[in-house]
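Just protein19.cif here, mmCIF, C-alpha atoms:
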data_model
loop_
_atom_site.label_atom_id
_atom_site.label_comp_id
_atom_site.auth_asym_id
_atom_site.auth_seq_id
_atom_site.Cartn_x
_atom_site.Cartn_y
_atom_site.Cartn_z
CA MET N 1 -22.31 -1.33 30.59
CA CYS N 2 -21.15 0.58 27.56
CA GLU N 3 -18.70 -2.15 26.53
CA THR N 4 -21.52 -4.66 26.42
CA CYS N 5 -24.32 -2.76 24.74
CA GLY N 6 -22.36 -0.01 23.06
CA CYS N 7 -24.45 2.76 24.56
CA GLY N 8 -23.13 6.24 25.03
CA GLY N 9 -22.85 9.65 23.55
CA GLY N 10 -22.72 8.53 19.96
CA GLU N 11 -23.53 10.54 16.92
CA THR N 12 -27.17 10.46 15.91
CA THR N 13 -28.12 10.74 12.26
CA LEU N 14 -31.54 11.41 10.77
CA ILE N 15 -32.22 10.03 7.32
CA ASP N 16 -35.17 11.40 5.36
CA LEU N 17 -36.17 8.36 3.35
CA GLN N 18 -38.23 10.46 0.96
CA THR N 19 -35.28 12.57 -0.16
CA GLY N 20 -32.29 10.62 1.11
CA ALA N 21 -31.06 13.69 2.98
CA ARG N 22 -28.91 12.96 6.01
CA THR N 23 -28.67 15.22 9.03
CA LEU N 24 -26.21 14.79 11.83
CA LEU N 25 -27.78 15.76 15.14
CA GLU N 26 -25.59 18.04 17.16
CA GLN N 27 -25.61 18.12 20.93
CA GLN N 28 -28.19 20.56 22.18
CA PRO N 29 -26.86 23.55 24.10
CA ILE N 30 -27.16 23.13 27.84
CA PRO N 31 -29.92 25.33 29.25
CA PRO N 32 -29.14 27.30 32.39
CA GLN N 33 -30.27 25.68 35.60
CA GLU N 34 -33.17 27.14 37.44
CA THR N 35 -32.69 25.09 40.57
CA ALA N 36 -32.33 26.66 43.97
CA THR N 37 -28.80 27.10 45.21
CA GLU N 38 -29.37 27.15 48.91
CA HIS N 39 -26.36 25.98 50.76
CA VAL N 40 -25.09 25.22 54.19
CA HIS N 41 -21.59 25.43 55.43
CA GLY N 42 -20.22 25.13 58.86
CA HIS N 43 -22.29 24.95 62.01
CA PHE N 44 -22.46 26.28 65.56
CA HIS N 45 -21.59 24.07 68.45
CA PRO N 46 -23.80 24.12 71.54
CA ASP N 47 -21.24 26.31 73.29
CA GLY N 48 -21.57 28.93 70.59
CA SER N 49 -18.32 28.14 68.85
CA TYR N 50 -18.42 27.93 65.08
CA HIS N 51 -16.43 25.71 62.82
CA GLU N 52 -16.19 24.82 59.21
CA HIS N 53 -15.31 21.46 57.82
CA ASP N 54 -15.32 19.58 54.58
CA HIS N 55 -18.60 17.75 55.29
CA SER N 56 -21.38 19.97 56.39
CA HIS N 57 -23.81 17.09 56.86
CA ASP N 58 -24.06 13.56 58.15
CA HIS N 59 -20.71 13.47 59.81
CA GLU N 60 -20.09 11.89 63.13
CA HIS N 61 -17.37 12.91 65.42
CA GLU N 62 -16.91 13.75 69.07
CA HIS N 63 -17.99 17.28 69.82
CA HIS N 64 -15.63 18.96 72.22
CA GLU N 65 -16.60 21.84 74.42
CA HIS N 66 -13.89 24.06 73.03
CA ASP N 67 -13.07 25.87 69.84
CA HIS N 68 -11.28 23.93 67.19
CA VAL N 69 -10.54 24.60 63.57
CA HIS N 70 -10.38 21.97 60.87
CA ARG N 71 -7.59 22.33 58.40
CA ALA N 72 -9.66 21.20 55.43
CA ALA N 73 -10.70 23.89 52.97
CA PRO N 74 -14.23 25.19 53.45
CA THR N 75 -16.83 23.43 51.34
CA THR N 76 -20.37 24.19 50.38
CA VAL N 77 -23.27 21.81 49.92
CA VAL N 78 -25.57 22.84 47.10
CA GLU N 79 -29.01 21.27 47.36
CA LEU N 80 -30.27 20.49 43.87
CA ASN N 81 -33.12 17.98 44.17
CA ALA N 82 -33.12 17.99 40.38
CA ARG N 83 -34.74 15.21 38.38
CA ILE N 84 -32.03 13.70 36.25
CA LEU N 85 -34.26 13.07 33.26
CA ALA N 86 -36.03 16.42 33.54
CA LYS N 87 -34.63 17.58 30.23
CA ASN N 88 -35.92 14.50 28.42
CA ASP N 89 -39.27 14.71 30.17
CA THR N 90 -39.64 18.37 29.19
CA ALA N 91 -38.90 17.53 25.57
CA ALA N 92 -41.35 14.62 25.77
CA GLY N 93 -44.03 16.94 27.12
CA ARG N 94 -43.43 19.28 24.19
CA ASN N 95 -43.78 16.37 21.76
CA ARG N 96 -46.97 15.25 23.51
CA ALA N 97 -48.49 18.71 23.18
CA TRP N 98 -47.42 18.85 19.54
CA PHE N 99 -49.19 15.53 18.87
CA SER N 100 -52.26 16.58 20.82
CA GLY N 101 -52.68 19.81 18.88
CA ARG N 102 -52.47 17.91 15.61
CA GLU N 103 -54.66 15.02 16.78
CA ILE N 104 -51.83 12.65 15.95
CA LEU N 105 -51.75 9.31 17.72
CA ALA N 106 -48.14 8.45 18.57
CA LEU N 107 -47.28 4.92 19.65
CA ASN N 108 -43.89 3.91 21.03
CA LEU N 109 -43.10 0.34 19.98
CA MET N 110 -40.48 -1.34 22.13
CA SER N 111 -39.00 -4.83 22.12
CA GLY N 112 -35.78 -6.73 22.09
CA PRO N 113 -34.03 -7.09 18.73
CA GLY N 114 -35.74 -9.61 16.46
CA ALA N 115 -39.17 -9.64 18.13
CA GLY N 116 -40.73 -8.62 14.83
CA LYS N 117 -41.38 -4.90 15.30
CA THR N 118 -40.62 -4.05 11.69
CA THR N 119 -42.68 -6.92 10.27
CA LEU N 120 -45.53 -5.84 12.54
CA LEU N 121 -45.20 -2.29 11.19
CA GLU N 122 -45.17 -3.49 7.58
CA ARG N 123 -48.34 -5.50 8.11
CA THR N 124 -50.04 -2.71 10.05
CA ILE N 125 -49.18 -0.18 7.35
CA ALA N 126 -50.40 -2.50 4.59
CA ASP N 127 -53.68 -3.06 6.45
CA LEU N 128 -54.36 0.57 7.40
CA LYS N 129 -52.88 2.69 4.62
CA GLU N 130 -56.10 2.86 2.59
CA ARG N 131 -57.93 4.21 5.62
CA GLN N 132 -55.45 6.71 6.98
CA LYS N 133 -52.09 8.44 6.77
CA LEU N 134 -49.26 6.63 8.50
CA PHE N 135 -45.86 7.96 9.46
CA VAL N 136 -42.94 6.09 10.97
CA LEU N 137 -39.94 7.14 13.01
CA GLU N 138 -37.56 4.23 12.80
CA GLY N 139 -34.86 3.93 15.44
CA ASP N 140 -31.80 1.74 15.01
CA GLN N 141 -28.17 2.06 15.92
CA ALA N 142 -27.15 1.77 12.28
CA THR N 143 -28.49 1.23 8.72
CA ASP N 144 -31.71 2.44 7.14
CA ASN N 145 -32.84 -1.12 6.31
CA ASP N 146 -35.92 -0.96 8.51
CA GLY N 147 -36.83 2.54 7.35
CA GLU N 148 -36.69 1.36 3.76
CA ARG N 149 -38.90 -1.62 4.63
CA VAL N 150 -41.67 0.50 6.18
CA LYS N 151 -41.38 3.03 3.37
CA ALA N 152 -41.84 0.20 0.86
CA ALA N 153 -44.92 -0.87 2.84
CA GLY N 154 -46.47 2.54 2.22
CA ALA N 155 -45.61 4.90 5.09
CA ALA N 156 -43.49 8.04 5.02
CA ALA N 157 -40.52 7.33 7.25
CA VAL N 158 -37.51 8.95 8.86
CA GLN N 159 -34.73 6.72 10.06
CA ILE N 160 -33.02 7.78 13.29
CA ASN N 161 -29.62 6.14 13.65
CA THR N 162 -28.56 6.51 17.24
CA GLY N 163 -24.95 5.53 16.61
CA SER N 164 -23.84 3.94 19.85
CA GLY N 165 -27.03 5.01 21.67
CA CYS N 166 -29.23 2.14 22.84
CA HIS N 167 -32.57 3.98 22.91
CA LEU N 168 -34.47 6.88 21.38
CA ASP N 169 -34.93 10.00 23.47
CA ALA N 170 -37.51 12.77 23.22
CA GLU N 171 -35.12 15.23 21.60
CA MET N 172 -34.26 12.77 18.80
CA VAL N 173 -37.98 12.28 18.22
CA ALA N 174 -38.54 16.05 18.11
CA ARG N 175 -35.82 16.41 15.48
CA GLY N 176 -37.23 13.44 13.58
CA LEU N 177 -40.70 15.02 13.64
CA ALA N 178 -39.35 18.25 12.19
CA MET N 179 -38.11 16.25 9.24
CA LEU N 180 -40.99 13.78 8.92
CA LYS N 181 -43.79 16.34 9.37
CA PRO N 182 -46.63 13.90 10.11
CA GLU N 183 -50.01 15.17 8.97
CA PHE N 184 -52.94 16.31 11.09
CA GLY N 185 -54.91 13.33 12.39
CA SER N 186 -52.35 10.76 11.28
CA LEU N 187 -50.96 7.71 13.01
CA LEU N 188 -47.30 7.94 14.02
CA LEU N 189 -45.54 4.69 14.81
CA ILE N 190 -42.22 5.11 16.60
CA GLU N 191 -40.10 1.99 16.40
CA ASN N 192 -37.64 2.20 19.25
CA VAL N 193 -34.15 0.73 19.17
CA GLY N 194 -34.34 -3.03 19.74
CA ASN N 195 -33.52 -3.32 23.42
CA LEU N 196 -35.57 -4.66 26.33
CA VAL N 197 -34.05 -2.39 28.96
CA CYS N 198 -33.07 1.17 28.11
CA PRO N 199 -36.05 2.49 26.09
CA ALA N 200 -38.36 1.94 29.08
CA LEU N 201 -36.77 4.87 30.89
CA PHE N 202 -37.17 7.51 28.19
CA ASP N 203 -40.54 9.13 27.59
CA LEU N 204 -40.82 10.19 23.96
CA GLY N 205 -44.18 11.96 24.26
CA GLU N 206 -46.11 8.98 22.93
CA ARG N 207 -49.71 8.37 23.94
CA LYS N 208 -49.26 4.64 24.47
CA ARG N 209 -46.36 2.29 24.83
CA VAL N 210 -46.52 -1.06 23.14
CA ALA N 211 -44.15 -3.86 24.13
CA ILE N 212 -43.67 -6.65 21.64
CA LEU N 213 -42.52 -10.07 22.75
CA SER N 214 -42.16 -12.93 20.31
CA VAL N 215 -42.92 -16.49 21.32
CA THR N 216 -39.39 -17.55 20.39
CA GLU N 217 -38.03 -15.40 23.24
CA GLY N 218 -39.59 -17.29 26.15
CA ASP N 219 -42.63 -16.57 28.29
CA ASP N 220 -40.57 -15.55 31.34
CA LYS N 221 -39.22 -12.39 29.66
CA PRO N 222 -41.64 -10.11 31.57
CA LEU N 223 -40.09 -11.34 34.82
CA LYS N 224 -36.54 -11.07 33.51
CA TYR N 225 -37.01 -7.57 32.09
CA PRO N 226 -39.70 -6.11 34.35
CA HIS N 227 -39.09 -2.44 33.56
CA MET N 228 -40.10 -2.70 29.93
CA PHE N 229 -43.29 -4.56 30.76
CA ARG N 230 -44.11 -2.27 33.67
CA ALA N 231 -43.81 0.73 31.36
CA ALA N 232 -46.03 -0.71 28.61
CA ASP N 233 -49.76 -0.18 28.10
CA LEU N 234 -50.14 -3.06 25.67
CA LEU N 235 -48.21 -6.28 25.21
CA LEU N 236 -48.29 -7.88 21.78
CA LEU N 237 -47.24 -11.52 21.76
CA ASN N 238 -45.92 -11.91 18.23
CA LYS N 239 -45.03 -14.87 15.99
CA ILE N 240 -47.84 -17.02 17.37
CA ASP N 241 -47.67 -19.02 14.13
CA LEU N 242 -44.52 -20.54 15.67
CA LEU N 243 -46.24 -21.65 18.89
CA PRO N 244 -46.30 -25.36 17.90
CA TYR N 245 -42.51 -25.35 17.70
CA VAL N 246 -41.56 -23.58 20.90
CA ASP N 247 -42.07 -24.05 24.62
CA PHE N 248 -44.08 -20.87 25.10
CA GLU N 249 -47.45 -20.58 26.77
CA ILE N 250 -49.60 -17.53 26.08
CA ALA N 251 -51.32 -17.91 29.46
CA ARG N 252 -48.00 -18.07 31.31
CA ALA N 253 -46.59 -15.05 29.46
CA THR N 254 -49.79 -13.12 30.19
CA ALA N 255 -49.70 -14.06 33.89
CA ASN N 256 -46.04 -13.06 34.11
CA ALA N 257 -46.71 -9.70 32.45
CA ARG N 258 -49.68 -9.01 34.76
CA GLN N 259 -47.58 -9.93 37.78
CA ILE N 260 -45.35 -6.99 36.83
CA ASN N 261 -48.08 -4.73 35.48
CA PRO N 262 -51.65 -5.70 36.47
CA GLY N 263 -53.22 -3.20 34.07
CA ILE N 264 -51.39 -4.27 30.91
CA GLU N 265 -53.51 -5.34 27.95
CA VAL N 266 -52.28 -8.47 26.18
CA MET N 267 -52.97 -9.56 22.59
CA SER N 268 -51.59 -12.36 20.45
CA VAL N 269 -50.64 -11.76 16.84
CA SER N 270 -48.68 -13.14 13.98
CA ALA N 271 -47.45 -10.28 11.85
CA ARG N 272 -46.39 -12.88 9.28
CA THR N 273 -49.72 -14.70 8.81
CA GLY N 274 -51.95 -11.81 9.87
CA GLU N 275 -53.60 -13.76 12.68
CA GLY N 276 -54.76 -11.44 15.48
CA MET N 277 -53.93 -8.29 13.51
CA GLY N 278 -57.60 -7.26 13.54
CA GLU N 279 -57.69 -6.99 17.32
CA TRP N 280 -54.47 -4.91 17.34
CA GLU N 281 -55.82 -2.61 14.64
CA GLN N 282 -59.08 -2.18 16.53
CA TRP N 283 -57.04 -1.23 19.58
CA ILE N 284 -55.26 1.42 17.49
CA ALA N 285 -58.61 2.74 16.27
CA LYS N 286 -59.88 2.96 19.84
CA VAL N 287 -56.90 4.88 21.22
CA GLN N 288 -56.92 7.04 18.13
CA LYS N 289 -60.51 8.00 18.85
CA ASP N 290 -59.47 8.94 22.39
CA ALA N 291 -56.61 11.02 21.02
CA ARG N 292 -58.98 12.84 18.66
CA THR N 293 -61.49 13.64 21.33
CA GLY N 294 -58.66 15.15 23.31
CA ALA N 295 -58.85 12.71 26.22
CA PHE N 296 -55.61 12.73 28.13
CA ARG N 297 -54.20 9.50 29.43
CA MET L 1 -26.47 0.62 29.00
CA HIS L 2 -28.62 3.72 29.44
CA GLU L 3 -26.62 4.56 32.57
CA LEU L 4 -24.10 6.50 30.54
CA ALA L 5 -26.87 8.69 29.13
CA ILE L 6 -28.07 9.25 32.69
CA VAL L 7 -24.58 10.16 33.83
CA GLU L 8 -24.40 12.67 30.96
CA SER L 9 -27.51 14.34 32.38
CA ILE L 10 -26.06 14.22 35.88
CA MET L 11 -22.85 15.86 34.65
CA GLU L 12 -24.85 18.66 33.01
CA LEU L 13 -26.81 19.30 36.19
CA VAL L 14 -23.85 19.28 38.55
CA GLU L 15 -21.51 21.26 36.32
CA ASN L 16 -24.14 23.97 35.96
CA ALA L 17 -24.85 24.03 39.68
CA ALA L 18 -21.18 24.10 40.66
CA ALA L 19 -20.51 27.13 38.46
CA GLY L 20 -16.83 26.30 38.04
CA GLN L 21 -16.08 25.35 41.64
CA LYS L 22 -14.45 22.00 42.21
CA ILE L 23 -16.99 19.29 43.01
CA LEU L 24 -16.06 17.08 45.94
CA LYS L 25 -19.16 14.98 46.25
CA VAL L 26 -22.31 14.22 44.26
CA THR L 27 -25.31 12.65 45.98
CA VAL L 28 -27.94 11.02 43.77
CA GLU L 29 -31.17 9.24 44.61
CA VAL L 30 -32.02 6.19 42.56
CA GLY L 31 -35.46 4.60 43.01
CA LEU L 32 -35.65 0.86 43.37
CA LEU L 33 -38.18 0.71 40.54
CA THR L 34 -35.94 2.41 37.99
CA CYS L 35 -34.00 0.15 35.67
CA VAL L 36 -30.76 1.82 36.67
CA SER L 37 -27.81 -0.15 37.94
CA PRO L 38 -25.89 1.69 40.70
CA GLU L 39 -22.65 -0.06 39.73
CA ALA L 40 -22.96 1.01 36.11
CA LEU L 41 -23.89 4.52 37.23
CA SER L 42 -20.77 4.78 39.41
CA PHE L 43 -18.60 3.42 36.66
CA GLY L 44 -20.10 5.88 34.17
CA PHE L 45 -19.56 8.75 36.57
CA SER L 46 -15.90 7.90 37.08
CA LEU L 47 -15.49 7.84 33.29
CA LEU L 48 -17.30 11.07 32.49
CA ALA L 49 -16.01 13.03 35.48
CA GLU L 50 -12.44 12.49 34.44
CA GLY L 51 -10.79 15.77 33.52
CA THR L 52 -13.81 17.84 34.63
CA ILE L 53 -14.44 19.87 37.79
CA ALA L 54 -15.99 16.69 39.20
CA HIS L 55 -12.82 14.67 38.72
CA GLY L 56 -12.24 12.45 41.74
CA ALA L 57 -15.49 13.48 43.41
CA GLU L 58 -17.18 11.03 45.75
CA PHE L 59 -20.30 9.58 44.11
CA ASP L 60 -22.90 8.75 46.70
CA ILE L 61 -25.89 6.72 45.50
CA ARG L 62 -28.89 6.46 47.78
CA ARG L 63 -31.47 3.81 46.97
CA VAL L 64 -34.97 5.16 47.58
CA ALA L 65 -38.49 3.85 47.02
CA GLY L 66 -40.36 4.30 43.75
CA ASP L 67 -39.02 5.42 40.40
CA GLN L 68 -37.30 8.60 41.50
CA LEU L 69 -34.10 9.52 39.73
CA SER L 70 -32.57 12.74 40.95
CA VAL L 71 -29.45 14.62 41.96
CA LYS L 72 -29.98 15.39 45.63
CA SER L 73 -27.01 17.68 46.25
CA ILE L 74 -23.42 18.41 45.44
CA GLU L 75 -20.60 19.49 47.67
CA VAL L 76 -18.18 22.01 46.23
CA GLU L 77 -14.93 23.51 47.38
CA GLY L 78 -15.02 26.98 48.88
CA HIS L 79 -17.87 29.24 49.77
CA ALA L 80 -20.79 29.70 47.46
#

How does the structure come out when it is put into structure tokens?
Amino acid sequence: MCETCGCGGGETTLIDLQTGARTLLEQQPIPPQETATEHVHGHFHPDGSYHEHDHSHDHEHEHHEHDHVHRAAPTTVVELNARILAKNDTAAGRNRAWFSGREILALNLMSGPGAGKTTLLERTIADLKERQKLFVLEGDQATDNDGERVKAAGAAAVQINTGSGCHLDAEMVARGLAMLKPEFGSLLLIENVGNLVCPALFDLGERKRVAILSVTEGDDKPLKYPHMFRAADLLLLNKIDLLPYVDFEIARATANARQINPGIEVMSVSARTGEGMGEWEQWIAKVQKDARTGAFR
Amino acid sequence: MHELAIVESIMELVENAAAGQKILKVTVEVGLLTCVSPEALSFGFSLLAEGTIAHGAEFDIRRVAGDQLSVKSIEVEGHA
């Protein structure tokens, strides 16, 4: 796990690409738990005798009709039933409300490294910047190369370097937003860390999730990495200008994605040549309209 | 991959709930539709629990349907 992908509790840095200011994100203080602390310890035998033992549940042993005392120290089972990602989901909900109140459309763009997310952003920004304000949160483990690229394309950007972290989480996005300050009614594009697995699990508060798969990666990726494609609302098949050179079939990729996620929308684009970009930008306009009219997904 | 981040959340939850008492066992429920590997989760737990009140605790992973991801219960030493 962490030796292979380098994920873990690394240091996260925000870089404001407008001012160059760098902020090191500190660990958030741990909020007190509000979970119930009911507990059980010990039990009564049918003959009325009581005993305590180190497993107060699911243990099997012969019950004798006489008193007996276990030597093990008494233990207590604390029922938590606590969602492990509750903290992230709460932060994501806060982000979502923040976007909603400002009529900002936030899209979470996820793909493996090299699928063309940044090129897609550059093209999208170039196409849309005359019509509307665009803001970008750019996630990468290291460097502000991508942030600089989207800034050069015409969007205000904050780079989030996750250090050893392999995905963005809702808290990082919240901190990024505080620095980026996207305007009322704007379009916020969140470029997740290039990774086909981990980002799928972490809600950032986005309205829609967009998975990007390039034709050089193979049309069986949706089957190999089902979680990402199950989590996505839209699949963009990118680099279609390279289709003549690779063994990739749009129909097969689409069928594979729908096998995992029957409701997923699929579009083909080439961020390099611009082919198909119109359909993608119309899709943005449509979900943006929904966001402005306050329709919840 | 992301398992270590999940174990960090688990550690927060169980350390808060245990309130300083030694943790003997942690039971988690991992849905079959989550992209979480039980092996990686166990490995991450053994790493992060080291030197904490959960050091050496049994880590019981129950596979359940759907995309649930939760800490079911913990077992601690002594009375609550």

Legend entry - Residues returned when the PyMOL selection byres ((chain N and resi 238-254) around 6) runs on this file, as a VMD selection string: chain N and resid 213 to 215 218 to 219 236 to 237 255 to 257 269 to 270

Inset, instruction - Find the distance between CA of Val173 (chain N) and CA of Leu33 (chain L) and write it in Å to one decimal. - result: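 Interatomic distance here is 25.1 Å.
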
Inset, instruction - Excluding Ala54 (chain L) and any residue of its chain fewer than 3 positions from it, enumerate the residues within 12 Å of it, using all atoms listed in the file, and give them as a VMD selection string. - result: chain L and resid 10 to 26 45 to 51 57 to 59 74 to 77

Legend entry - Point-to-point distance from CA of Pro74 (chain N) to CA of Phe43 (chain L), Å rounded to tenths: 27.8 Å

Inset, instruction - Extract, using all atoms listed in the file, all DNA, RNA and protein residues at most 12 Å from Ile61 (chain L), discarding same-chain residues fewer than 2 positions from it, and format them as number ranges by chain. - result: L: 25-32, 36-43, 45, 58-59, 63-64, 69-74
